[in-house]
$ cat coords_13.cif   # mmCIF, C-alpha atoms, pLDDT in the B column; chains and numbers go by the auth columns
data_upload
loop_
_atom_site.group_PDB
_atom_site.id
_atom_site.type_symbol
_atom_site.label_atom_id
_atom_site.label_comp_id
_atom_site.label_asym_id
_atom_site.label_seq_id
_atom_site.Cartn_x
_atom_site.Cartn_y
_atom_site.Cartn_z
_atom_site.B_iso_or_equiv
_atom_site.auth_seq_id
_atom_site.auth_asym_id
ATOM 1 C CA MET A 1 73.016 -88.888 10.616 45.00 1099 A
ATOM 2 C CA THR A 2 73.355 -92.666 10.629 49.00 1100 A
ATOM 3 C CA ALA A 3 74.338 -94.605 7.545 47.00 1101 A
ATOM 4 C CA ALA A 4 70.788 -95.933 7.269 48.00 1102 A
ATOM 5 C CA ALA A 5 69.213 -92.494 7.394 53.00 1103 A
ATOM 6 C CA ALA A 6 71.599 -91.304 4.691 62.00 1104 A
ATOM 7 C CA ASN A 7 70.483 -94.141 2.442 70.00 1105 A
ATOM 8 C CA PRO A 8 66.722 -93.975 2.279 89.00 1106 A
ATOM 9 C CA LEU A 9 65.033 -96.698 0.294 94.00 1107 A
ATOM 10 C CA LEU A 10 62.407 -96.043 -2.368 95.00 1108 A
ATOM 11 C CA MET A 11 60.180 -98.968 -3.327 96.00 1109 A
ATOM 12 C CA ILE A 12 58.291 -98.437 -6.573 96.00 1110 A
ATOM 13 C CA PHE A 13 55.143 -100.530 -7.077 95.00 1111 A
ATOM 14 C CA SER A 14 54.187 -100.517 -10.756 94.00 1112 A
ATOM 15 C CA ARG A 15 52.396 -103.849 -11.125 93.00 1113 A
ATOM 16 C CA ALA A 16 48.859 -104.984 -10.371 92.00 1114 A
ATOM 17 C CA PRO A 17 48.272 -106.487 -6.893 91.00 1115 A
ATOM 18 C CA SER A 18 47.899 -109.999 -8.389 89.00 1116 A
ATOM 19 C CA SER A 19 51.590 -110.025 -9.340 89.00 1117 A
ATOM 20 C CA THR A 20 53.710 -112.105 -6.976 89.00 1118 A
ATOM 21 C CA LEU A 21 56.380 -109.419 -7.362 91.00 1119 A
ATOM 22 C CA THR A 22 54.029 -106.953 -5.693 91.00 1120 A
ATOM 23 C CA ARG A 23 53.808 -109.219 -2.663 90.00 1121 A
ATOM 24 C CA ASP A 24 57.602 -109.654 -2.708 92.00 1122 A
ATOM 25 C CA ILE A 25 58.396 -105.948 -2.773 93.00 1123 A
ATOM 26 C CA LEU A 26 55.881 -105.318 -0.008 94.00 1124 A
ATOM 27 C CA ASP A 27 57.544 -107.991 2.134 93.00 1125 A
ATOM 28 C CA ALA A 28 60.942 -106.449 1.362 95.00 1126 A
ATOM 29 C CA SER A 29 59.588 -103.011 2.337 95.00 1127 A
ATOM 30 C CA LEU A 30 58.336 -104.308 5.693 94.00 1128 A
ATOM 31 C CA ALA A 31 61.626 -106.128 6.318 95.00 1129 A
ATOM 32 C CA ALA A 32 63.643 -102.977 5.520 95.00 1130 A
ATOM 33 C CA ALA A 33 61.454 -100.888 7.796 94.00 1131 A
ATOM 34 C CA ALA A 34 61.777 -103.482 10.565 93.00 1132 A
ATOM 35 C CA PHE A 35 65.548 -102.893 10.389 93.00 1133 A
ATOM 36 C CA GLU A 36 64.849 -99.160 10.708 92.00 1134 A
ATOM 37 C CA LEU A 37 65.812 -98.297 7.160 93.00 1135 A
ATOM 38 C CA PRO A 38 63.845 -95.202 6.165 94.00 1136 A
ATOM 39 C CA THR A 39 61.523 -96.627 3.527 95.00 1137 A
ATOM 40 C CA THR A 40 59.275 -94.775 1.115 96.00 1138 A
ATOM 41 C CA LEU A 41 56.650 -96.473 -1.040 97.00 1139 A
ATOM 42 C CA LEU A 42 55.575 -95.129 -4.413 96.00 1140 A
ATOM 43 C CA PHE A 43 52.628 -96.545 -6.401 96.00 1141 A
ATOM 44 C CA ILE A 44 52.619 -95.874 -10.144 95.00 1142 A
ATOM 45 C CA ASP A 45 50.987 -97.407 -13.263 93.00 1143 A
ATOM 46 C CA ASP A 46 48.996 -100.585 -12.396 94.00 1144 A
ATOM 47 C CA GLY A 47 50.521 -100.450 -8.897 94.00 1145 A
ATOM 48 C CA VAL A 48 47.811 -97.968 -7.882 95.00 1146 A
ATOM 49 C CA TYR A 49 45.224 -100.787 -8.078 93.00 1147 A
ATOM 50 C CA SER A 50 46.779 -102.118 -4.848 92.00 1148 A
ATOM 51 C CA LEU A 51 45.216 -99.140 -3.075 93.00 1149 A
ATOM 52 C CA LEU A 52 41.603 -99.982 -3.983 91.00 1150 A
ATOM 53 C CA PRO A 53 39.447 -100.858 -0.969 87.00 1151 A
ATOM 54 C CA ASP A 54 37.441 -104.097 -0.585 85.00 1152 A
ATOM 55 C CA GLN A 55 39.829 -106.530 -2.256 87.00 1153 A
ATOM 56 C CA GLN A 56 38.831 -110.080 -1.361 83.00 1154 A
ATOM 57 C CA PRO A 57 40.957 -113.194 -0.874 77.00 1155 A
ATOM 58 C CA SER A 58 40.827 -115.530 -3.866 73.00 1156 A
ATOM 59 C CA SER A 59 42.389 -118.745 -5.050 61.00 1157 A
ATOM 60 C CA GLN A 60 44.384 -116.834 -7.643 61.00 1158 A
ATOM 61 C CA CYS A 61 45.649 -114.042 -5.376 56.00 1159 A
ATOM 62 C CA ALA A 62 46.833 -116.297 -2.555 57.00 1160 A
ATOM 63 C CA GLY A 63 47.076 -115.257 1.068 61.00 1161 A
ATOM 64 C CA THR A 64 45.612 -112.166 2.669 67.00 1162 A
ATOM 65 C CA PRO A 65 44.655 -109.425 0.243 70.00 1163 A
ATOM 66 C CA LEU A 66 47.462 -106.967 -0.300 78.00 1164 A
ATOM 67 C CA SER A 67 45.220 -104.134 0.868 75.00 1165 A
ATOM 68 C CA ASP A 68 45.058 -105.701 4.351 78.00 1166 A
ATOM 69 C CA THR A 69 48.849 -105.842 4.653 84.00 1167 A
ATOM 70 C CA LEU A 70 49.132 -102.279 3.413 86.00 1168 A
ATOM 71 C CA GLY A 71 47.004 -101.239 6.371 82.00 1169 A
ATOM 72 C CA ALA A 72 49.883 -102.328 8.647 87.00 1170 A
ATOM 73 C CA LEU A 73 52.468 -99.993 7.094 92.00 1171 A
ATOM 74 C CA ALA A 74 52.221 -97.416 9.884 89.00 1172 A
ATOM 75 C CA ILE A 75 52.959 -100.115 12.487 91.00 1173 A
ATOM 76 C CA TYR A 76 56.252 -100.752 10.684 92.00 1174 A
ATOM 77 C CA GLY A 77 57.046 -97.046 10.680 92.00 1175 A
ATOM 78 C CA ILE A 78 56.409 -96.561 6.971 94.00 1176 A
ATOM 79 C CA ASP A 79 54.770 -93.138 6.903 91.00 1177 A
ATOM 80 C CA HIS A 80 55.859 -91.989 3.479 95.00 1178 A
ATOM 81 C CA VAL A 81 53.503 -93.511 0.922 96.00 1179 A
ATOM 82 C CA PHE A 82 52.978 -91.749 -2.386 97.00 1180 A
ATOM 83 C CA VAL A 83 50.629 -92.485 -5.253 97.00 1181 A
ATOM 84 C CA SER A 84 50.925 -91.157 -8.777 96.00 1182 A
ATOM 85 C CA GLN A 85 48.220 -88.603 -9.556 96.00 1183 A
ATOM 86 C CA GLU A 86 48.602 -89.349 -13.258 94.00 1184 A
ATOM 87 C CA ALA A 87 48.068 -93.113 -12.747 94.00 1185 A
ATOM 88 C CA LEU A 88 44.968 -92.502 -10.600 95.00 1186 A
ATOM 89 C CA GLN A 89 43.452 -90.112 -13.125 93.00 1187 A
ATOM 90 C CA LYS A 90 44.162 -92.445 -16.040 91.00 1188 A
ATOM 91 C CA ARG A 91 42.288 -95.219 -14.208 92.00 1189 A
ATOM 92 C CA GLY A 92 39.473 -92.982 -12.963 90.00 1190 A
ATOM 93 C CA MET A 93 40.262 -93.912 -9.370 90.00 1191 A
ATOM 94 C CA THR A 94 38.882 -91.502 -6.808 87.00 1192 A
ATOM 95 C CA GLU A 95 38.422 -93.808 -3.852 85.00 1193 A
ATOM 96 C CA LEU A 96 41.457 -95.221 -2.025 88.00 1194 A
ATOM 97 C CA ASN A 97 41.708 -97.674 0.856 86.00 1195 A
ATOM 98 C CA PRO A 98 41.078 -95.503 3.932 84.00 1196 A
ATOM 99 C CA CYS A 99 43.619 -97.585 5.932 83.00 1197 A
ATOM 100 C CA ILE A 100 46.471 -96.182 3.863 86.00 1198 A
ATOM 101 C CA CYS A 101 47.479 -92.538 4.153 87.00 1199 A
ATOM 102 C CA ALA A 102 48.886 -92.127 0.658 93.00 1200 A
ATOM 103 C CA LYS A 103 49.927 -88.701 -0.519 96.00 1201 A
ATOM 104 C CA ILE A 104 49.157 -87.737 -4.091 96.00 1202 A
ATOM 105 C CA ALA A 105 52.325 -87.257 -6.125 96.00 1203 A
ATOM 106 C CA THR A 106 52.564 -85.211 -9.305 96.00 1204 A
ATOM 107 C CA ARG A 107 55.064 -86.034 -12.015 93.00 1205 A
ATOM 108 C CA GLU A 108 57.431 -83.429 -10.491 94.00 1206 A
ATOM 109 C CA ASP A 109 57.022 -85.002 -7.024 95.00 1207 A
ATOM 110 C CA ILE A 110 57.967 -88.402 -8.463 94.00 1208 A
ATOM 111 C CA THR A 111 61.050 -86.950 -10.148 92.00 1209 A
ATOM 112 C CA SER A 112 62.021 -85.405 -6.832 92.00 1210 A
ATOM 113 C CA LEU A 113 61.447 -88.701 -4.956 93.00 1211 A
ATOM 114 C CA ILE A 114 63.697 -90.564 -7.362 89.00 1212 A
ATOM 115 C CA HIS A 115 66.428 -87.974 -6.926 87.00 1213 A
ATOM 116 C CA THR A 116 66.275 -87.833 -3.139 91.00 1214 A
ATOM 117 C CA HIS A 117 66.527 -91.594 -2.526 91.00 1215 A
ATOM 118 C CA SER A 118 69.871 -93.291 -2.884 87.00 1216 A
ATOM 119 C CA ARG A 119 68.469 -96.800 -3.259 90.00 1217 A
ATOM 120 C CA ILE A 120 65.544 -97.540 -5.523 91.00 1218 A
ATOM 121 C CA ILE A 121 63.864 -100.880 -6.140 93.00 1219 A
ATOM 122 C CA THR A 122 61.245 -101.143 -8.858 92.00 1220 A
ATOM 123 C CA ILE A 123 58.905 -103.947 -9.814 90.00 1221 A
ATOM 124 C CA MET B 1 31.857 -116.953 -33.482 87.00 555 B
ATOM 125 C CA LEU B 2 35.029 -116.577 -31.475 92.00 556 B
ATOM 126 C CA LEU B 3 35.552 -116.192 -27.751 94.00 557 B
ATOM 127 C CA HIS B 4 38.495 -113.891 -27.045 94.00 558 B
ATOM 128 C CA ILE B 5 39.945 -114.347 -23.553 96.00 559 B
ATOM 129 C CA LEU B 6 42.018 -111.495 -22.225 95.00 560 B
ATOM 130 C CA ASN B 7 43.990 -111.637 -18.973 94.00 561 B
ATOM 131 C CA LYS B 8 46.097 -108.463 -19.163 93.00 562 B
ATOM 132 C CA SER B 9 45.367 -104.983 -17.816 93.00 563 B
ATOM 133 C CA PRO B 10 45.053 -102.054 -20.264 92.00 564 B
ATOM 134 C CA GLU B 11 48.701 -101.266 -19.489 90.00 565 B
ATOM 135 C CA HIS B 12 49.654 -104.188 -21.760 89.00 566 B
ATOM 136 C CA GLU B 13 48.744 -102.633 -25.060 86.00 567 B
ATOM 137 C CA ALA B 14 50.267 -105.397 -27.188 84.00 568 B
ATOM 138 C CA ALA B 15 47.865 -108.082 -25.935 85.00 569 B
ATOM 139 C CA LEU B 16 44.889 -105.735 -26.180 87.00 570 B
ATOM 140 C CA SER B 17 45.605 -104.604 -29.710 86.00 571 B
ATOM 141 C CA LYS B 18 46.115 -108.202 -30.885 85.00 572 B
ATOM 142 C CA CYS B 19 42.671 -108.989 -29.526 88.00 573 B
ATOM 143 C CA PHE B 20 40.908 -105.846 -30.746 87.00 574 B
ATOM 144 C CA HIS B 21 42.355 -106.044 -34.251 85.00 575 B
ATOM 145 C CA THR B 22 41.012 -109.537 -34.809 86.00 576 B
ATOM 146 C CA LEU B 23 37.455 -108.950 -33.606 91.00 577 B
ATOM 147 C CA SER B 24 34.613 -109.591 -35.974 89.00 578 B
ATOM 148 C CA LYS B 25 30.853 -109.216 -35.644 91.00 579 B
ATOM 149 C CA GLY B 26 29.271 -111.564 -33.129 91.00 580 B
ATOM 150 C CA ASP B 27 32.509 -112.332 -31.301 94.00 581 B
ATOM 151 C CA LYS B 28 32.629 -112.217 -27.528 96.00 582 B
ATOM 152 C CA ILE B 29 35.353 -111.029 -25.179 96.00 583 B
ATOM 153 C CA LEU B 30 35.847 -112.454 -21.721 97.00 584 B
ATOM 154 C CA PHE B 31 38.043 -110.528 -19.286 97.00 585 B
ATOM 155 C CA ILE B 32 39.742 -112.695 -16.655 97.00 586 B
ATOM 156 C CA GLU B 33 42.556 -112.226 -14.101 95.00 587 B
ATOM 157 C CA ASP B 34 44.126 -108.746 -14.570 94.00 588 B
ATOM 158 C CA GLY B 35 42.075 -108.448 -17.763 95.00 589 B
ATOM 159 C CA VAL B 36 39.132 -107.390 -15.564 96.00 590 B
ATOM 160 C CA TYR B 37 40.801 -103.967 -15.228 95.00 591 B
ATOM 161 C CA CYS B 38 39.762 -103.491 -18.880 95.00 592 B
ATOM 162 C CA ALA B 39 36.126 -103.787 -17.792 95.00 593 B
ATOM 163 C CA LEU B 40 36.081 -100.621 -15.676 94.00 594 B
ATOM 164 C CA THR B 41 34.000 -97.569 -16.539 89.00 595 B
ATOM 165 C CA SER B 42 37.237 -95.588 -16.629 86.00 596 B
ATOM 166 C CA ALA B 43 38.997 -97.954 -19.041 84.00 597 B
ATOM 167 C CA HIS B 44 38.868 -96.181 -22.384 81.00 598 B
ATOM 168 C CA THR B 45 39.817 -99.399 -24.108 80.00 599 B
ATOM 169 C CA ILE B 46 36.328 -100.905 -24.134 85.00 600 B
ATOM 170 C CA ASN B 47 34.667 -97.736 -25.432 84.00 601 B
ATOM 171 C CA ALA B 48 36.433 -98.394 -28.709 84.00 602 B
ATOM 172 C CA ILE B 49 34.916 -101.873 -29.077 90.00 603 B
ATOM 173 C CA ALA B 50 31.947 -102.142 -31.461 90.00 604 B
ATOM 174 C CA PRO B 51 28.567 -102.505 -29.700 91.00 605 B
ATOM 175 C CA ASP B 52 27.858 -105.844 -31.444 92.00 606 B
ATOM 176 C CA ILE B 53 30.650 -107.472 -29.424 95.00 607 B
ATOM 177 C CA ASP B 54 29.415 -108.960 -26.141 96.00 608 B
ATOM 178 C CA LEU B 55 31.707 -108.270 -23.198 97.00 609 B
ATOM 179 C CA PHE B 56 31.985 -110.524 -20.152 98.00 610 B
ATOM 180 C CA ALA B 57 34.093 -110.481 -16.981 98.00 611 B
ATOM 181 C CA LEU B 58 34.742 -113.186 -14.436 97.00 612 B
ATOM 182 C CA GLU B 59 33.141 -112.464 -11.069 97.00 613 B
ATOM 183 C CA PRO B 60 35.783 -114.046 -8.748 96.00 614 B
ATOM 184 C CA ASP B 61 38.510 -111.960 -10.385 96.00 615 B
ATOM 185 C CA ILE B 62 36.406 -108.808 -10.028 96.00 616 B
ATOM 186 C CA THR B 63 35.715 -109.255 -6.321 95.00 617 B
ATOM 187 C CA ALA B 64 39.341 -110.252 -5.600 93.00 618 B
ATOM 188 C CA ARG B 65 40.405 -106.853 -6.919 94.00 619 B
ATOM 189 C CA GLY B 66 37.620 -104.800 -5.298 93.00 620 B
ATOM 190 C CA LEU B 67 36.287 -103.692 -8.689 94.00 621 B
ATOM 191 C CA THR B 68 32.547 -104.422 -8.342 94.00 622 B
ATOM 192 C CA PRO B 69 31.501 -100.743 -7.905 93.00 623 B
ATOM 193 C CA HIS B 70 33.624 -99.610 -10.837 92.00 624 B
ATOM 194 C CA LEU B 71 32.456 -101.933 -13.643 95.00 625 B
ATOM 195 C CA SER B 72 31.223 -100.583 -16.950 94.00 626 B
ATOM 196 C CA PRO B 73 27.466 -101.154 -17.442 94.00 627 B
ATOM 197 C CA ARG B 74 28.306 -102.846 -20.742 95.00 628 B
ATOM 198 C CA ILE B 75 29.935 -105.761 -18.956 96.00 629 B
ATOM 199 C CA LYS B 76 28.039 -108.964 -18.185 97.00 630 B
ATOM 200 C CA VAL B 77 29.406 -110.555 -15.032 98.00 631 B
ATOM 201 C CA ILE B 78 29.715 -114.355 -15.097 98.00 632 B
ATOM 202 C CA ASP B 79 31.007 -117.063 -12.773 97.00 633 B
ATOM 203 C CA PHE B 80 33.034 -120.171 -13.664 97.00 634 B
ATOM 204 C CA ASP B 81 29.911 -122.033 -14.829 97.00 635 B
ATOM 205 C CA GLY B 82 29.170 -119.111 -17.126 97.00 636 B
ATOM 206 C CA PHE B 83 32.757 -119.308 -18.385 97.00 637 B
ATOM 207 C CA VAL B 84 32.220 -122.969 -19.317 97.00 638 B
ATOM 208 C CA MET B 85 28.924 -122.160 -21.025 96.00 639 B
ATOM 209 C CA LEU B 86 30.588 -119.396 -23.051 96.00 640 B
ATOM 210 C CA THR B 87 33.247 -121.776 -24.323 95.00 641 B
ATOM 211 C CA GLU B 88 30.472 -124.190 -25.296 94.00 642 B
ATOM 212 C CA THR B 89 28.476 -121.598 -27.234 94.00 643 B
ATOM 213 C CA CYS B 90 31.484 -120.275 -29.152 93.00 644 B
ATOM 214 C CA THR B 91 33.038 -122.311 -31.931 90.00 645 B
ATOM 215 C CA THR B 92 36.603 -121.483 -30.859 91.00 646 B
ATOM 216 C CA SER B 93 38.268 -119.661 -28.045 91.00 647 B
ATOM 217 C CA VAL B 94 41.548 -117.806 -28.164 91.00 648 B
ATOM 218 C CA SER B 95 43.609 -116.574 -25.219 92.00 649 B
ATOM 219 C CA TRP B 96 45.595 -113.424 -25.927 89.00 650 B
ATOM 220 C CA ILE B 97 48.841 -113.235 -23.962 79.00 651 B
#

$ encode --input "coords_13.cif" --output "structure tokens"
Amino acid sequence: MTAAAANPLLMIFSRAPSSTLTRDILDASLAAAAFELPTTLLFIDDGVYSLLPDQQPSSQCAGTPLSDTLGALAIYGIDHVFVSQEALQKRGMTELNPCICAKIATREDITSLIHTHSRIITI
Amino acid sequence: MLLHILNKSPEHEAALSKCFHTLSKGDKILFIEDGVYCALTSAHTINAIAPDIDLFALEPDITARGLTPHLSPRIKVIDFDGFVMLTETCTTSVSWI
């Protein structure tokens, strides 16, 4: 096992897509994956709003909508994307962006994710 | 008649409770920026607001977040011109942060 594989990275998205920090952690995730660091994304709290389809560009949320960039995750080799079941239920979200293959994570799954990753970055 | 402007999602309970605790009859609430997440059918926050309070949400912020299909029927959607008109019809406006 290489050093990188032994140190998987967990990126926790807990803010709404309009936050510049959300864009920053996504960029960091893509950069890490480009250097072949095993990278897992986890969407909790308001972070789950990033997974809604049909987000449009706007003057306030500059650049391409986050949902478009998220569609490119697989190209960067990011296959492990999890979304909090609790956060989705709380927000009544049933429909996710079909470009993103996010797995539903229970509270136990999230606990397990946090314990199986040696580096965790949260925004 | 006061216009309350809210730009935080329901996750930010402090801003919401400051707004909700100061509402009085005839006031209006406008949801902008991440505040539009309060305007969703699933957001329990607005169910607690008295029916004599008019609720508005800003259209560009709704479409930017892909929320159009999820809005509560109680919400009146307005554009920037509507925003200006609201501030004109209300005696004061207050932004809760």

$ axis_aligned_box --input "coords_13.cif" --around "segment 1178-1182 of chain A" --padding-each-side "4 Å" --output "lines of an AutoDock Vina configuration file"
center_x = 53.2
center_y = -92.3
center_z = -2.6
size_x = 13.2
size_y = 10.4
size_z = 20.3

$ atom_distance --input "coords_13.cif" --atom1 "atom CA of Ser1156 of chain A" --atom2 "atom CA of Ile583 of chain B"
22.5 Å

$ resolve_selection --input "coords_13.cif" --expression "the PyMOL selection byres ((chain A) within 12 of (chain B))" --output "ChimeraX atom specification"
/A:1112-1117,1142-1165,1185-1195

$ atom_distance --input "coords_13.cif" --atom1 "atom CA of Leu612 of chain B" --atom2 "atom CA of Ile586 of chain B"
5.5 Å

$ resolve_selection --input "coords_13.cif" --expression "the PyMOL selection byres ((chain A and resi 1210-1216) around 9)" --output "list of chain:residue names"
A:Ala1104, A:Asn1105, A:Pro1106, A:Leu1107, A:Leu1108, A:Thr1138, A:Leu1140, A:Arg1205, A:Glu1206, A:Asp1207, A:Ile1208, A:Thr1209, A:Arg1217, A:Ile1218

$ resolve_selection --input "coords_13.cif" --expression "the PyMOL selection byres ((chain B and resi 574) around 10)" --output "list in words"
His558, Ala569, Leu570, Ser571, Lys572, Cys573, His575, Thr576, Leu577, Ser578, Ile583, Thr599, Ile600, Ala602, Ile603 and Ala604 of chain B

$ closest_residue --input "coords_13.cif" --among "B:Ala568, B:Ile651, B:Ile607, B:Ile559" --to "Arg628 of chain B" --atoms "only C-alpha atoms"
B:Ile607

$ atom_distance --input "coords_13.cif" --atom1 "atom CA of Ile1110 of chain A" --atom2 "atom CA of Ile1221 of chain A"
6.4 Å
